[in-house]
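Colleague: This is run_38.cif, which holds mmCIF, C-alpha atoms and all ligand atoms:
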```
data_model
#
loop_
_atom_site.label_atom_id
_atom_site.label_comp_id
_atom_site.auth_asym_id
_atom_site.auth_seq_id
_atom_site.Cartn_x
_atom_site.Cartn_y
_atom_site.Cartn_z
CA MET A 1 22.05 -1.52 -2.65
CA ARG A 2 20.80 1.86 -3.89
CA LEU A 3 16.99 1.70 -3.68
CA GLY A 4 14.39 3.83 -5.43
CA ILE A 5 10.65 4.06 -4.87
CA VAL A 6 8.21 4.85 -7.69
CA GLY A 7 4.87 6.06 -6.32
CA ALA A 8 4.85 7.95 -3.02
CA GLY A 9 1.43 6.68 -1.93
CA ALA A 10 -0.04 4.94 1.09
CA VAL A 11 2.81 2.58 2.01
CA ALA A 12 5.81 4.41 0.48
CA GLY A 13 6.90 5.64 3.91
CA LEU A 14 6.89 2.07 5.24
CA HIS A 15 9.12 0.94 2.36
CA ALA A 16 11.45 3.93 2.98
CA LYS A 17 11.73 3.23 6.72
CA GLY A 18 12.41 -0.41 5.88
CA ALA A 19 15.37 0.68 3.74
CA ALA A 20 16.67 2.88 6.56
CA ALA A 21 16.51 -0.03 9.01
CA LEU A 22 18.58 -2.39 6.86
CA ASP A 23 22.37 -2.45 6.65
CA GLY A 24 23.73 -2.05 3.16
CA VAL A 25 20.57 -0.40 1.77
CA GLU A 26 20.27 3.30 0.98
CA LEU A 27 17.15 5.05 -0.29
CA THR A 28 18.62 7.18 -3.08
CA ALA A 29 15.58 8.24 -5.14
CA VAL A 30 11.82 8.68 -4.86
CA CYS A 31 9.63 9.36 -7.89
CA ASP A 32 6.04 10.56 -8.02
CA LEU A 33 4.07 12.62 -10.53
CA LEU A 34 3.43 14.90 -7.55
CA PRO A 35 6.82 16.36 -6.54
CA GLU A 36 5.58 17.27 -3.06
CA ALA A 37 4.50 13.66 -2.44
CA ALA A 38 7.89 12.36 -3.59
CA ALA A 39 9.70 14.97 -1.47
CA ALA A 40 7.76 14.03 1.66
CA VAL A 41 9.05 10.44 1.38
CA ALA A 42 12.56 11.33 0.12
CA GLU A 43 13.59 14.18 2.37
CA PRO A 44 13.96 12.39 5.72
CA TRP A 45 16.54 10.11 4.07
CA GLY A 46 18.26 12.64 1.76
CA ALA A 47 17.06 10.83 -1.37
CA ASP A 48 16.74 12.55 -4.77
CA VAL A 49 13.28 13.52 -6.00
CA PHE A 50 12.08 12.64 -9.51
CA THR A 51 8.74 13.16 -11.27
CA ASP A 52 9.56 10.91 -14.25
CA TYR A 53 10.42 7.28 -13.47
CA LEU A 54 12.20 6.84 -16.80
CA ALA A 55 14.48 9.77 -15.91
CA MET A 56 15.10 8.17 -12.50
CA LEU A 57 16.06 4.85 -14.08
CA ALA A 58 18.25 6.59 -16.70
CA ALA A 59 20.05 8.64 -14.03
CA GLY A 60 21.83 5.49 -12.83
CA VAL A 61 21.12 6.22 -9.16
CA VAL A 62 19.29 2.99 -8.27
CA ASP A 63 20.15 -0.73 -8.29
CA ALA A 64 16.60 -1.74 -7.31
CA VAL A 65 13.17 -0.13 -7.17
CA VAL A 66 9.93 -0.56 -5.30
CA ILE A 67 7.03 -0.07 -7.74
CA ASN A 68 4.21 1.33 -5.65
CA THR A 69 1.82 2.77 -8.22
CA PRO A 70 -1.68 2.18 -9.63
CA HIS A 71 -2.14 -1.42 -10.72
CA SER A 72 -2.16 -1.23 -14.52
CA LEU A 73 1.09 0.80 -14.45
CA HIS A 74 3.03 -2.03 -12.81
CA LYS A 75 3.77 -3.69 -16.15
CA GLU A 76 5.31 -0.72 -17.98
CA MET A 77 7.35 0.23 -14.92
CA VAL A 78 8.68 -3.29 -14.37
CA LEU A 79 9.57 -3.57 -18.05
CA ALA A 80 11.43 -0.24 -17.91
CA ALA A 81 13.30 -1.27 -14.74
CA ALA A 82 14.32 -4.56 -16.38
CA ALA A 83 15.52 -2.69 -19.47
CA HIS A 84 17.82 -0.67 -17.17
CA GLY A 85 19.07 -3.77 -15.32
CA VAL A 86 17.29 -2.68 -12.14
CA HIS A 87 15.79 -5.28 -9.73
CA VAL A 88 12.11 -4.87 -8.80
CA LEU A 89 9.91 -5.29 -5.76
CA VAL A 90 6.46 -4.62 -7.25
CA GLU A 91 3.47 -4.04 -4.98
CA LYS A 92 0.46 -6.32 -5.10
CA PRO A 93 -1.41 -7.12 -7.28
CA MET A 94 1.37 -8.13 -9.65
CA ALA A 95 -0.64 -6.74 -12.61
CA THR A 96 -4.20 -6.55 -13.91
CA THR A 97 -3.96 -9.23 -16.63
CA MET A 98 -2.20 -12.56 -16.93
CA ALA A 99 -0.62 -11.38 -20.17
CA ASP A 100 1.01 -8.51 -18.28
CA CYS A 101 2.23 -10.91 -15.57
CA HIS A 102 3.91 -13.10 -18.22
CA LEU A 103 5.50 -10.10 -19.96
CA MET A 104 6.90 -8.85 -16.65
CA GLU A 105 8.34 -12.28 -15.83
CA GLN A 106 9.89 -12.68 -19.28
CA ALA A 107 11.40 -9.18 -19.23
CA CYS A 108 13.00 -9.70 -15.82
CA ALA A 109 14.28 -13.17 -16.66
CA GLY A 110 15.66 -11.89 -19.98
CA ALA A 111 17.44 -9.00 -18.29
CA ASP A 112 18.66 -11.22 -15.44
CA VAL A 113 17.04 -9.02 -12.81
CA VAL A 114 15.05 -10.24 -9.81
CA MET A 115 11.34 -9.44 -9.54
CA VAL A 116 9.45 -10.14 -6.33
CA VAL A 117 5.81 -9.22 -5.74
CA GLY A 118 5.11 -7.45 -2.45
CA LEU A 119 2.60 -9.73 -0.79
CA ILE A 120 3.02 -8.34 2.70
CA GLN A 121 0.85 -10.92 4.48
CA HIS A 122 3.76 -13.38 4.38
CA PHE A 123 5.71 -11.07 6.68
CA MET A 124 3.00 -10.22 9.22
CA ALA A 125 3.89 -11.62 12.64
CA GLU A 126 0.42 -12.98 13.39
CA LYS A 127 0.39 -15.03 10.16
CA ILE A 128 3.95 -16.25 10.71
CA ALA A 129 2.97 -17.40 14.23
CA LEU A 130 0.06 -19.34 12.73
CA GLN A 131 2.32 -20.98 10.13
CA HIS A 132 4.86 -21.96 12.81
CA THR A 133 2.11 -23.57 14.88
CA LEU A 134 0.67 -25.41 11.88
CA ALA A 135 4.16 -26.73 11.14
CA THR A 136 4.36 -28.35 14.61
CA GLY A 137 1.39 -30.58 13.71
CA ALA A 138 -0.46 -29.67 16.94
CA LEU A 139 -3.51 -28.58 14.96
CA GLY A 140 -3.41 -31.34 12.36
CA GLN A 141 -4.45 -30.54 8.80
CA VAL A 142 -6.11 -27.28 7.80
CA LEU A 143 -9.65 -28.13 6.66
CA MET A 144 -11.50 -24.84 6.19
CA ILE A 145 -10.69 -21.11 6.21
CA HIS A 146 -13.02 -18.14 6.52
CA ASP A 147 -11.28 -14.88 5.63
CA TYR A 148 -13.32 -11.75 6.36
CA ARG A 149 -12.07 -8.26 5.68
CA SER A 150 -13.69 -4.83 5.58
CA THR A 151 -12.67 -1.99 3.30
CA ASP A 152 -14.15 1.24 1.99
CA TYR A 153 -15.06 1.57 -1.66
CA ARG A 154 -17.45 4.49 -1.32
CA PRO A 155 -16.42 6.89 -4.13
CA GLY A 156 -14.41 9.77 -2.66
CA THR A 157 -12.89 7.68 0.13
CA ARG A 158 -9.75 6.80 -1.86
CA PRO A 159 -7.86 8.17 -4.92
CA ALA A 160 -9.98 8.27 -8.10
CA TRP A 161 -7.88 5.69 -10.00
CA PHE A 162 -9.17 2.91 -7.70
CA PHE A 163 -12.62 3.42 -9.32
CA ASP A 164 -11.34 3.37 -12.93
CA LYS A 165 -11.24 -0.28 -13.93
CA SER A 166 -8.86 0.42 -16.83
CA ILE A 167 -6.25 1.51 -14.25
CA SER A 168 -7.13 -0.48 -11.13
CA GLY A 169 -8.27 -3.70 -12.82
CA GLY A 170 -11.31 -3.77 -10.52
CA GLY A 171 -12.42 -2.83 -7.04
CA ALA A 172 -12.41 -4.51 -3.64
CA PHE A 173 -11.39 -7.93 -5.02
CA ILE A 174 -8.20 -6.95 -6.86
CA ASN A 175 -7.11 -4.63 -4.08
CA ILE A 176 -8.19 -6.16 -0.76
CA GLY A 177 -9.12 -9.58 -2.13
CA ALA A 178 -5.53 -9.96 -3.33
CA HIS A 179 -4.38 -9.87 0.31
CA CYS A 180 -7.06 -12.38 1.37
CA LEU A 181 -6.28 -14.77 -1.49
CA ASP A 182 -2.56 -14.49 -0.80
CA ARG A 183 -2.76 -15.32 2.89
CA SER A 184 -5.51 -17.92 2.67
CA LEU A 185 -3.82 -19.86 -0.13
CA TRP A 186 -0.56 -19.72 1.81
CA VAL A 187 -2.18 -21.01 5.00
CA GLY A 188 -4.37 -23.45 3.06
CA GLY A 189 -1.22 -24.91 1.56
CA ALA A 190 -2.28 -25.49 -2.06
CA PRO A 191 -3.42 -23.67 -5.18
CA ALA A 192 -7.13 -23.35 -5.94
CA THR A 193 -8.85 -25.55 -8.48
CA ARG A 194 -12.30 -23.96 -8.44
CA ILE A 195 -13.78 -20.62 -7.53
CA SER A 196 -17.23 -19.14 -7.47
CA ALA A 197 -17.83 -15.51 -6.60
CA THR A 198 -20.47 -12.84 -6.22
CA THR A 199 -20.00 -9.07 -6.24
CA LEU A 200 -22.00 -5.99 -5.27
CA ASN A 201 -21.64 -2.49 -6.68
CA ARG A 202 -23.05 -0.22 -3.98
CA PHE A 203 -22.83 3.58 -3.55
CA GLY A 204 -22.98 4.05 -7.35
CA SER A 205 -19.43 2.71 -7.60
CA PRO A 206 -18.27 1.63 -11.08
CA VAL A 207 -16.15 -1.13 -9.47
CA GLU A 208 -17.25 -3.77 -6.97
CA THR A 209 -17.53 -2.57 -3.39
CA ASP A 210 -18.23 -5.95 -1.75
CA GLY A 211 -18.23 -9.62 -2.61
CA THR A 212 -17.74 -13.21 -1.64
CA MET A 213 -15.44 -15.86 -3.08
CA GLU A 214 -15.71 -19.60 -2.42
CA LEU A 215 -12.71 -21.67 -3.40
CA LEU A 216 -11.74 -25.31 -3.33
CA LEU A 217 -8.00 -25.89 -2.98
CA ALA A 218 -6.18 -28.80 -4.61
CA ASN A 219 -5.69 -30.46 -1.21
CA GLY A 220 -9.42 -30.29 -0.38
CA VAL A 221 -9.28 -27.21 1.87
CA GLN A 222 -12.46 -25.13 1.63
CA LEU A 223 -11.96 -21.36 1.57
CA ARG A 224 -14.50 -18.59 1.87
CA ILE A 225 -13.54 -14.94 1.54
CA THR A 226 -15.93 -12.09 2.33
CA ILE A 227 -15.04 -8.45 1.63
CA VAL A 228 -17.43 -5.69 2.68
CA SER A 229 -17.25 -1.90 2.43
CA ASP A 230 -18.02 0.57 5.21
CA THR A 231 -18.71 -1.70 8.21
CA PRO A 232 -19.43 -0.56 11.81
CA GLN A 233 -16.09 -1.97 12.96
CA ASN A 234 -12.99 -2.66 10.90
CA ILE A 235 -12.66 -6.40 10.32
CA ASP A 236 -9.52 -8.21 9.21
CA GLU A 237 -9.78 -11.77 10.45
CA MET A 238 -8.92 -15.26 9.29
CA LEU A 239 -10.67 -18.14 11.04
CA VAL A 240 -8.73 -21.32 10.37
CA VAL A 241 -10.46 -24.62 11.13
CA CYS A 242 -8.12 -27.59 11.56
CA GLU A 243 -8.48 -31.26 12.49
CA PHE A 244 -7.74 -30.71 16.20
CA GLY A 245 -8.57 -27.06 16.81
CA THR A 246 -9.26 -23.58 15.47
CA VAL A 247 -7.22 -20.36 15.19
CA THR A 248 -8.28 -16.73 14.76
CA VAL A 249 -5.74 -14.36 13.21
CA ASP A 250 -6.12 -10.58 13.26
CA PRO A 251 -3.31 -8.02 12.78
CA ARG A 252 -4.79 -5.72 15.43
CA ARG A 253 -5.15 -8.37 18.12
CA GLY A 254 -2.93 -11.32 17.30
CA SER A 255 -3.33 -15.05 16.78
CA PHE A 256 -5.28 -17.23 19.20
CA MET A 257 -5.70 -20.99 19.23
CA GLU A 258 -8.43 -23.13 20.77
CA ILE A 259 -7.90 -26.87 21.21
CA ASP A 260 -10.53 -28.88 23.09
CA GLY A 261 -11.80 -25.88 25.06
CA VAL A 262 -8.33 -24.57 25.94
CA ARG A 263 -7.28 -21.22 24.53
CA SER A 264 -3.68 -20.13 23.98
CA THR A 265 -2.02 -17.09 22.44
CA LEU A 266 0.26 -17.61 19.46
CA HIS A 267 1.05 -13.92 18.94
CA THR A 268 -0.03 -10.64 20.53
CA SER A 269 0.02 -7.82 18.00
CA THR A 270 2.09 -4.68 18.63
CA PRO A 271 2.06 -1.29 16.85
CA ALA A 272 5.50 -2.15 15.39
CA ASP A 273 4.23 -5.24 13.55
CA ILE A 274 3.35 -3.48 10.28
CA GLN A 275 6.66 -1.62 9.93
CA ASN A 276 8.53 -4.79 10.90
CA ALA A 277 6.68 -6.65 8.13
CA PHE A 278 7.67 -4.09 5.48
CA THR A 279 11.28 -4.16 6.69
CA ALA A 280 11.32 -7.97 6.60
CA GLN A 281 9.77 -7.97 3.11
CA LEU A 282 12.51 -5.64 1.85
CA ALA A 283 15.20 -7.76 3.52
CA ASP A 284 13.74 -10.84 1.83
CA PHE A 285 13.80 -9.05 -1.56
CA ILE A 286 17.42 -7.97 -1.07
CA ALA A 287 18.37 -11.51 -0.11
CA ALA A 288 16.66 -12.66 -3.34
CA VAL A 289 18.75 -10.17 -5.32
CA GLY A 290 21.74 -11.82 -3.62
CA GLY A 291 20.64 -15.23 -4.88
CA ALA A 292 18.32 -16.52 -2.12
CA GLU A 293 14.90 -18.01 -2.83
CA PRO A 294 12.26 -15.32 -2.12
CA SER A 295 9.55 -16.11 0.44
CA VAL A 296 6.84 -15.39 -2.14
CA SER A 297 7.19 -17.19 -5.46
CA GLY A 298 6.27 -15.63 -8.79
CA GLN A 299 3.97 -18.60 -9.31
CA HIS A 300 2.01 -17.74 -6.16
CA ALA A 301 1.80 -14.04 -7.10
CA LYS A 302 0.47 -14.92 -10.57
CA HIS A 303 -2.05 -17.35 -9.08
CA VAL A 304 -3.45 -14.52 -6.95
CA VAL A 305 -4.06 -12.45 -10.11
CA GLU A 306 -5.46 -15.48 -11.92
CA LEU A 307 -7.96 -16.05 -9.11
CA VAL A 308 -9.06 -12.43 -8.96
CA LEU A 309 -9.75 -12.56 -12.70
CA ALA A 310 -11.52 -15.90 -12.30
CA ALA A 311 -13.64 -14.38 -9.51
CA TYR A 312 -14.72 -11.57 -11.83
CA HIS A 313 -15.52 -14.12 -14.52
CA SER A 314 -17.57 -16.17 -12.07
CA ALA A 315 -19.47 -13.15 -10.75
CA ASP A 316 -20.24 -11.93 -14.27
CA SER A 317 -21.30 -15.33 -15.62
CA GLY A 318 -23.01 -16.68 -12.50
CA THR A 319 -21.05 -19.94 -12.81
CA ALA A 320 -18.23 -21.57 -10.91
CA VAL A 321 -14.87 -21.43 -12.69
CA ASN A 322 -12.40 -24.31 -12.92
CA VAL A 323 -9.08 -22.57 -12.55
CA ALA A 324 -6.97 -25.42 -13.89
CA ALA A 325 -9.04 -25.24 -17.09
CA THR A 326 -7.95 -21.60 -17.55
CA LEU A 327 -11.08 -19.71 -16.75
CA GLN A 328 -13.56 -22.18 -18.27
CA PRO A 329 -16.94 -22.33 -16.48
CA THR A 330 -17.72 -25.64 -14.77
CA GLN A 331 -20.51 -27.80 -16.19
N1 LIG U 1 1.06 -3.86 0.80
C1 LIG U 1 0.04 -3.15 1.26
O1 LIG U 1 -0.45 -3.36 2.36
C2 LIG U 1 -0.51 -2.05 0.39
C3 LIG U 1 -1.26 -1.03 0.95
C4 LIG U 1 -1.72 -0.02 0.13
C5 LIG U 1 -1.47 -0.04 -1.23
N2 LIG U 1 -0.76 -1.07 -1.76
C6 LIG U 1 -0.47 -1.13 -3.20
O2 LIG U 1 0.43 -0.06 -3.50
C7 LIG U 1 0.15 0.43 -4.82
C8 LIG U 1 -0.17 1.92 -4.74
O3 LIG U 1 -1.38 2.08 -4.01
P1 LIG U 1 -1.60 3.38 -3.08
O4 LIG U 1 -2.72 3.07 -2.14
O5 LIG U 1 -0.31 3.84 -2.51
O6 LIG U 1 -2.11 4.42 -4.16
P2 LIG U 1 -1.96 6.01 -4.08
O7 LIG U 1 -2.86 6.55 -5.12
O8 LIG U 1 -2.12 6.46 -2.67
O9 LIG U 1 -0.45 6.25 -4.49
C9 LIG U 1 0.01 6.00 -5.79
C10 LIG U 1 1.02 7.08 -6.12
O10 LIG U 1 1.57 6.78 -7.41
C11 LIG U 1 1.76 8.02 -8.08
N3 LIG U 1 1.83 7.79 -9.51
C12 LIG U 1 0.83 7.51 -10.38
N4 LIG U 1 1.31 7.41 -11.62
C13 LIG U 1 2.65 7.60 -11.56
C14 LIG U 1 3.70 7.63 -12.52
N5 LIG U 1 3.46 7.43 -13.82
N6 LIG U 1 4.94 7.90 -12.09
C15 LIG U 1 5.20 8.12 -10.78
N7 LIG U 1 4.24 8.12 -9.81
C16 LIG U 1 2.99 7.86 -10.21
C17 LIG U 1 0.55 8.87 -7.66
O11 LIG U 1 0.81 10.25 -7.86
C18 LIG U 1 0.40 8.48 -6.19
O12 LIG U 1 1.10 9.35 -5.32
C19 LIG U 1 -0.97 -0.43 -5.36
O13 LIG U 1 -0.42 -1.51 -6.07
C20 LIG U 1 -1.67 -0.90 -4.11
O14 LIG U 1 -2.42 -2.09 -4.29
C21 LIG U 1 -0.25 -2.07 -0.98
#
```
For the structure just supplied, provide its representation as structure tokens.
Modeller:
Amino acid sequence: MRLGIVGAGAVAGLHAKGAAALDGVELTAVCDLLPEAAAAVAEPWGADVFTDYLAMLAAGVVDAVVINTPHSLHKEMVLAAAAHGVHVLVEKPMATTMADCHLMEQACAGADVVMVVGLIQHFMAEKIALQHTLATGALGQVLMIHDYRSTDYRPGTRPAWFFDKSISGGGAFINIGAHCLDRSLWVGGAPATRISATTLNRFGSPVETDGTMELLLANGVQLRITIVSDTPQNIDEMLVVCEFGTVTVDPRRGSFMEIDGVRSTLHTSTPADIQNAFTAQLADFIAAVGGAEPSVSGQHAKHVVELVLAAYHSADSGTAVNVAATLQPTQ
């Protein structure tokens, strides 16, 4: 498998190291508008550097690509990859509109190429440990989840495109909220039927810097997500309330369970966990190219985008949104 990466940003190095760790995968090309950024990711692995992704696809040097670029560019890049018969692992969020998600799916299906959305939470050891424990039945049913994550949406703290809604699709919700929705829906075990959300635009930011989402899942699980910018400590925690006990899950600490006053450790985090997750995600994608079912379905990835858009609709209108009724406000 000859792998390319388009977009040499924050996690490109993790994707590249993932490729190096897997048998039968070779990083052959890295593309970025900034040649020095592409070179920094490509050079350790002897990969070619491109500044035009269409030229990279036309060069015939890749069988698959990781699309790791600003959100609204995902669609055109996935469509181009499909047109060249190249399989795609596209970073979250899948796209910024449902119409783009459908076009991407149709293009890949029509070209008989695999597209998987990179929803990394499914490969994080602390979440996998939680899922394994839930599967034993020791905790009973999940009843309620509180997902709380900090970020930083003060203008100047991240590349400018994150603050341009026409490129990013929004702020803290579509970027960080996508992770929270992904993992909480996965752990909650069902799609959402209703969402109500609030947003804040602090620091003069043109996109939301903070917000809350309250969701009801189809199986009755209640979910609350809070995302806040610029907090005294970094926070990245799920609190999962089950019939017989509770679990806290944090990638910096691990997963801890409490049943009737007795605490136990499900996973202790290590510095290798994040790289291991990116390597496992790439292995899962390559297995999907080989015909296996991917760990993250296209349906789930689209639902995450649908819910982010529904959250914006709810925050703008001040009403709860019935998701099954395709973004219609509830009465
Ligand atoms: N899985 C994760 O944990 C995780 C973490 C961070 C970012 N992401 C996702 O990765 C994607 C990129 O985010 P980022 O933080 O790396 O952004 P970034 O701005 O740091 O990097 C994006 C890169 O894409 C390049 N680029 C832009 N347009 C291009 C084009 N037409 N052709 C080639 N290169 C182009 C830019 O020059 C830049 O180097 C987003 O979808 C983001 O949500 C995922």
Colleague: Go through A:Ser184, A:Thr69, A:Met144, A:Pro159 one by one, measure the shortest atom-to-atom distance of each to Cys242 of chain A using only C-alpha atoms, and give the residue with the smallest value.
Modeller: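 Nearest to Cys242 of chain A: A:Met144.
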Colleague: Rounded to one decimal place, report the atom CA of Asp32 of chain A-atom C18 of ligand LIG 1 (chain U) distance in Å.
Modeller: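 Separating atom CA of Asp32 of chain A from atom C18 of ligand LIG 1 (chain U) is a distance of 6.3 Å.
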Colleague: With all atoms listed in the file as the atoms that count, which of A:Leu307, A:Thr279, A:Cys180, A:Leu239 lies nearest to Asp23 of chain A?
Modeller: A:Thr279
Colleague: What lies within 12 Å of Val262 of chain A using all atoms listed in the file, ignoring chain neighbours under 6 positions off, as a PyMOL selection string?
Modeller: chain A and resi 244-247+256
Colleague: With all atoms of ligand LIG 1 (chain U) from the file as input, state the centre and edge lengths in Å to one decimal of the axis-aligned box that has 5 Å extra on each side, as JSON.
Modeller:
```
{"center_x": 1.2, "center_y": 3.2, "center_z": -5.7, "size_x": 18.1, "size_y": 24.1, "size_z": 26.2}
```
Colleague: Do you have the atom CA of Val241 of chain A-atom CA of Gln275 of chain A distance handy?
Modeller: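 Interatomic distance, atom CA of Val241 of chain A to atom CA of Gln275 of chain A: 28.7 Å.
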Colleague: Can you tell me which residues come within 6 Å of ligand LIG 1 (chain U) when counting all atoms listed in the file, ideally as a VMD selection string?
Modeller: chain A and resid 6 to 11 31 to 34 52 to 53 68 to 71 91 to 93 120 159 175
Colleague: Got a sec: who's within 9 Å of Lys17 of chain A, counting only C-alpha atoms, leaving out chain neighbours fewer than 3 positions off, as a PyMOL selection string?
Modeller: chain A and resi 12-14+20-22+45+275+278-279
Colleague: Select, from A:Glu208, A:Val321, A:Arg158, A:Val88, the residue with the minimum atom-to-atom distance to Gly118 of chain A, counting all atoms listed in the file.
Modeller: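 Closest to Gly118 of chain A of all the choices is A:Val88.
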Colleague: Hey, which of A:Val323, A:Arg149, A:Phe162, A:Ser295 ends up closest to Asn234 of chain A? Count all atoms listed in the file.
Modeller: A:Arg149
Colleague: Any idea what's packed within 10 Å of Gln281 of chain A, counting all atoms listed in the file, ignoring anything in its chain fewer than 4 positions away? Could you give it as a list in words?
Modeller: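 Non-adjacent residues within range: His15, Gly18, Leu89, Val116, Val117, Gly118, Leu119, Ile120, Gln121, His122, Phe123, Met124, Gln275, Asn276, Ala277, Phe285, Ile286, Ala287, Pro294, Ser295 and Val296 of chain A.
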Colleague: Just how far from atom CA of Leu282 of chain A is atom CA of His132 of chain A, in Å to one decimal?
Modeller: 21.1 Å
Colleague: Using all atoms listed in the file for the distances, tell me which of A:Leu216, A:Ala40, A:Val228, A:Ala83 is nearest to Gly177 of chain A.
Modeller: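 Among the listed residues, A:Val228 lies closest to Gly177 of chain A.
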Colleague: I'd like to know which of A:Leu3, A:Val41, A:Ile167, A:Ala320 is closest to Lys75 of chain A, using all atoms listed in the file.
Modeller: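 The answer is A:Ile167, which sits nearest to Lys75 of chain A.
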